[in-house]
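Here is the structure we will look at, set down as C-alpha cells.
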Amino acid sequence: ADGYEPSVCLLLQMDQVMIRRVLSHLAYYINLGWSVTSGSGRSGEWIYALLARLETPVHRDDAAVLFGLLKNLALARAKIDFSKGDKDRSNLSKLNVLIVLVGVYFEQGGSLKKK
C-alpha cells in the first residue's frame with residue numbers, strides 16, 4: 001500500500017490551513033529520517049503537490065518549516081551515490097525540483113540577487 005496519491009481532486013478540497021498543516025507534518029517526519037525519494041511512500045509527490053498549492057507570501061512559521069525542509073532535501077541530495085545508476089539519477093532530479101521550488105520560488109535559499 002502506497003497510501004493516497006496527491007490527486008488534483010484531493011488537493012482542491014484542502015484550504016491553505018490544511019495545506020500548511022500537511023506540509024508541516026511531512027517536513028517533521030522527514031526531519032526524523034523519513035526518505036523523500038526511496039521506499040514505497042509518496043512523500044516527495046505530496047511535497048511537490050502541496051508546494052504547488054501553497055500561496056505566497058508565506059508566514060514566518062511556514063518559512064521556518066520550508067527552510068528546515070530545504071536543509072533536509074540538501075542533505076538527502078548530498079548523500080546520493082551516483083555509482084548506483086539510473087535510480088539515483090531519478091532521485092537526484094526529484095530532489096533538485098523540490099530544492100529549486102523551496103529555495104528559489106519560496107525564497108528560502110538565501111539571497112540570489114547580485115549586489
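Residue numbering restarts at 1 for every chain of the C-alpha cells, chains are lettered A, B, ... in their displayed order, and ligands are numbered from 1 as they appear.
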
Under the rule of at most 8 Å, produce a per-residue listing of segment 1-50 of chain A near segment 69-88 of chain A: chain, number, name, the closest pair of atoms, and the distance in Å, as CSV, using only C-alpha atoms.
```
residue,atom,partner,partner_atom,distance
A:Ala27,CA,A:Leu69,CA,5.6
A:Ile30,CA,A:Asn72,CA,7.2
A:Asn31,CA,A:Asn72,CA,6.6
A:Ser35,CA,A:Ala76,CA,7.9
A:Val36,CA,A:Leu73,CA,7.8
```

>> Would you pick out the contacts of Leu54 of chain A at 9 Å or less, using only C-alpha atoms, so that residues sharing its chain but fewer than 2 positions from it are not included, and give the list as number ranges by chain?
In response: A: 16, 19-20, 49-52, 56, 58

Using the selection just defined, write its residues with C-alpha atoms as a PDB file, in the first residue's frame.
```pdb
ATOM      1  CA  GLN A  16      -4.454  26.908   2.903  1.00  0.00           C
ATOM      2  CA  ILE A  19      -2.057  22.568   3.065  1.00  0.00           C
ATOM      3  CA  ARG A  20       0.311  24.199   5.545  1.00  0.00           C
ATOM      4  CA  ALA A  49       1.776  18.873  -4.840  1.00  0.00           C
ATOM      5  CA  LEU A  50       1.423  20.831  -1.593  1.00  0.00           C
ATOM      6  CA  LEU A  51       4.071  23.337  -2.685  1.00  0.00           C
ATOM      7  CA  ALA A  52       2.128  23.813  -5.911  1.00  0.00           C
ATOM      8  CA  THR A  56       2.797  33.260  -1.290  1.00  0.00           C
ATOM      9  CA  VAL A  58       4.389  32.564   3.309  1.00  0.00           C
TER      10      VAL A  58
END
```

> Quick one: DSSP alpha helix (DSSP H) residues in chain A, as a PyMOL selection string?
Replying inline: chain A and resi 8-12+16-31+43-53+60-78+86-100

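The space separating atom CA of Lys94 of chain A from atom CA of Glu45 of chain A comes to 8.9 Å.
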
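You can rank A:Ser93, A:Leu10, A:Phe67, A:Leu23 by their closest distance to Gln108 of chain A using only C-alpha atoms, and at the top of that list sits A:Phe67.
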
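Distance-wise, atom CA of Val65 of chain A and atom CA of Leu95 of chain A end up 16.8 Å apart.
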
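Take atom CA of Cys9 of chain A and atom CA of Glu55 of chain A: the distance between them is 17.9 Å.
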
>> I'd like the contact shell of Glu5 of chain A - 8 Å cut-off, only C-alpha atoms, skipping same-chain residues fewer than 2 positions apart - returned as a ChimeraX atom specification.
In response: /A:2-3,7,42,45-46

Please dump the current selection as a JSON list (two decimals), in the first residue's frame; keep N, CA and C atoms.
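Listing of part.json after writing:
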```json
[["chain", "number", "residue", "atom", "x", "y", "z"],
["A", 2, "ASP", "N", 0.68, 2.06, -1.00],
["A", 2, "ASP", "CA", 1.48, 3.27, -1.14],
["A", 2, "ASP", "C", 0.81, 4.48, -0.51],
["A", 3, "GLY", "N", -0.36, 4.33, 0.04],
["A", 3, "GLY", "CA", -1.07, 5.47, 0.58],
["A", 3, "GLY", "C", -1.80, 6.21, -0.52],
["A", 7, "SER", "N", -3.89, 13.51, -5.60],
["A", 7, "SER", "CA", -4.70, 13.81, -6.78],
["A", 7, "SER", "C", -5.17, 15.26, -6.76],
["A", 42, "ARG", "N", 4.94, 8.12, -0.75],
["A", 42, "ARG", "CA", 4.74, 9.16, -1.76],
["A", 42, "ARG", "C", 5.08, 10.54, -1.20],
["A", 45, "GLU", "N", 6.11, 13.19, -3.79],
["A", 45, "GLU", "CA", 4.97, 13.60, -4.61],
["A", 45, "GLU", "C", 4.05, 14.55, -3.83],
["A", 46, "TRP", "N", 3.81, 14.21, -2.57],
["A", 46, "TRP", "CA", 2.95, 15.04, -1.75],
["A", 46, "TRP", "C", 3.57, 16.42, -1.51]]
```

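You can rank A:His59, A:Tyr48, A:Arg53, A:His25 by their closest distance to Leu12 of chain A using only C-alpha atoms, and at the top of that list sits A:Arg53.
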